[in-house]
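Just below is one structure, and these are the notes that go with it.
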Amino acid sequence: MLRLKPDAVTFTRLREQIKMSLLKLDNISKEYERGGKKFFAVNNASLEINQGDYVNITGRSGSGKSTLLNIAAGMLSPSAGSVELDGELLTGKSDKELSLMRNNKIGFIPQGFSALNYLTVTENILLPFYLYKNKDKNFEDAEGWARILLERFNIDKLAEAYPNELSGGELRRVVIARALINRPKIIIADEPTADLDLENINNIMQIFKNLNEQDGVTLLIVSHDQEALSCGKRLFIMSDGILNLKN
Ligand SMILES: Nc1ncnc2c1ncn2[C@@H]1O[C@H](COP(=O)(O)OP(=O)(O)O)[C@@H](O)[C@H]1O
Ligand SMILES: [Mg+2]
């Protein structure tokens, strides 16, 4: 006889499996127009990221990496396909709902990111906390967390400095701290080590490695740097909008 209801064990297993999946991109495409001709910046890309994963994407400039990352972070809507974040579909959500979800669950570091020059380092880090209302929010808790992040990233001496007084490597660490202030489940970062020297690249990669291994933060990172790519658990290559697993 066909059993329609799963038994308790199967049900628990199914629930665990569903819970494991944090970000699911299903057949994502993004069509743009260039010189009057349509083309796919992202062409039918699928990617499933589980909690605790560390996924790298690499590929030539113009291959569609940033477009894919912006779609994954709910900043851009795809022409086709769906994005599921922590069991919820992003497709069809209002901008307000999207920004709430994003700010609760994702720490997004866009390409060429920077900080607001008229705010101090600490104010920059706390900004996402102030901007997005959360009924459970506790200012002292967030301030304490900002201080911990400043110390952990070895930029505590710069707490009251302004972004234009910082080196490139220091500024990158500030932006990572800012992405972590709302305690996201996943960090999505677009070329977080671009234009840095080797020492600073290694420094940032150590931060990501610790976040993943010690804090269980899930990572999705786009990079060109070989040092950066060596840290992840899975590597994908993007080529002309097509995403393929490398290893
Ligand atoms: N808003 C847009 N309108 C038209 N074309 C775009 C737009 N954004 C990106 N593109 C094009 O899509 C392609 C992929 O861009 P992008 O995702 O930024 O690549 P990557 O991050 O891999 O360098 C590029 O050819 C780029 O010029
Ligand atoms: Mg890019």
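Labeling convention for the structure tokens: chains A, B, ... as they appear, residues from 1 per chain, ligands from 1 in order of appearance.
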
Notebook entry, point to check: Can you tell me which residues sit at most 9 Å away from ligand 1, counting only C-alpha atoms and all ligand atoms, written as a ChimeraX atom specification?
Noted result: /A:30-34,39-42,58-70,111,190-191,222,238-241

Next item on the list: Write out as a PyMOL selection string each polymer residue whose atoms come within 12 Å of A:Lys209, counting only C-alpha atoms; drop sequence neighbours fewer than 6 positions from it.
Entry: chain A and resi 52-55+187+202-203+215-221+227-233

Could you dump the residues just selected with C-alpha atoms as an mmCIF file, in the first residue's frame?
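Printed below is out.cif as written:
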data_model
loop_
_atom_site.group_PDB
_atom_site.id
_atom_site.type_symbol
_atom_site.label_atom_id
_atom_site.label_comp_id
_atom_site.auth_asym_id
_atom_site.auth_seq_id
_atom_site.Cartn_x
_atom_site.Cartn_y
_atom_site.Cartn_z
ATOM 1 C CA GLY A 52 28.417 25.879 7.385
ATOM 2 C CA ASP A 53 29.440 25.782 3.716
ATOM 3 C CA TYR A 54 32.305 27.846 2.298
ATOM 4 C CA VAL A 55 31.797 28.369 -1.419
ATOM 5 C CA ILE A 187 28.294 36.358 4.329
ATOM 6 C CA ASN A 202 46.094 36.456 3.956
ATOM 7 C CA ASN A 203 44.822 38.510 6.863
ATOM 8 C CA ASP A 215 31.537 30.731 14.368
ATOM 9 C CA GLY A 216 29.822 28.504 11.808
ATOM 10 C CA VAL A 217 29.142 31.436 9.455
ATOM 11 C CA THR A 218 28.338 30.266 5.932
ATOM 12 C CA LEU A 219 30.384 31.948 3.192
ATOM 13 C CA LEU A 220 29.829 32.686 -0.491
ATOM 14 C CA ILE A 221 32.799 34.538 -1.905
ATOM 15 C CA GLU A 227 45.265 32.522 -1.870
ATOM 16 C CA ALA A 228 41.611 33.330 -1.296
ATOM 17 C CA LEU A 229 40.380 30.441 -3.418
ATOM 18 C CA SER A 230 42.439 27.888 -1.490
ATOM 19 C CA CYS A 231 40.356 28.357 1.681
ATOM 20 C CA GLY A 232 36.911 27.303 0.470
ATOM 21 C CA LYS A 233 35.267 23.884 0.544
#

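Comparing the minimum interatomic distances between ligand 2 and each of A:Lys93, A:Arg152, A:Lys157, A:Ile57, counting only C-alpha atoms and all ligand atoms, we find that A:Ile57 sits nearest.
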
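The residues of stretch 73-140 of chain A that DSSP assigns to helix (DSSP H, G or I) on this backbone come out as Asp95, Lys96, Glu97, Leu98, Ser99, Leu100, Met101, Arg102, Asn103, Asn104, Lys105, Val121, Thr122, Glu123, Asn124, Ile125, Leu126, Leu127, Pro128, Phe129, Tyr130, Leu131, Phe139 and Glu140 of chain A.
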
Next item on the list: Using only C-alpha atoms and all ligand atoms, find the one residue out of A:Leu47, A:Ala72, A:Pro110, A:Tyr118 that sits nearest to ligand 2.
Entry: A:Pro110

Check: If you count only C-alpha atoms, which residues fall within 12 Å of A:Asn104, apart from same-chain ones fewer than 5 positions away, as an MDAnalysis selection string?
Finding: chainID A and resid 73 85:86 97:99 128:129 131:137 179:187

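Counting only C-alpha atoms and all ligand atoms and comparing A:Leu211, A:Ile125, A:Leu23, A:Ile109, the residue that lies closest to ligand 2 is A:Ile109.
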
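From atom CA of A:Asn212 back to atom CA of A:Leu119, the distance works out to 28.9 Å.
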
Next item on the list: Find the residues near A:Lys24: any atom within 6 Å, counting only C-alpha atoms, skip ones fewer than 4 places away on the same chain, and give them as a ChimeraX atom specification.
Entry: /A:47-48,83-84

Export C-alpha atoms of the chosen residues as an mmCIF file, in the first residue's frame?
data_model
loop_
_atom_site.group_PDB
_atom_site.id
_atom_site.type_symbol
_atom_site.label_atom_id
_atom_site.label_comp_id
_atom_site.auth_asym_id
_atom_site.auth_seq_id
_atom_site.Cartn_x
_atom_site.Cartn_y
_atom_site.Cartn_z
ATOM 1 C CA LEU A 47 23.741 26.463 -6.648
ATOM 2 C CA GLU A 48 22.772 25.092 -3.259
ATOM 3 C CA VAL A 83 16.178 32.115 -4.906
ATOM 4 C CA GLU A 84 15.380 30.496 -1.578
#

Check: Distance atom CA of A:Val174-atom CA of A:Asp95, one decimal place?
Finding: 26.6 Å

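Taking atom CA of A:Pro78 and atom CA of A:Ile28 as the two end points, the separation is 6.3 Å.
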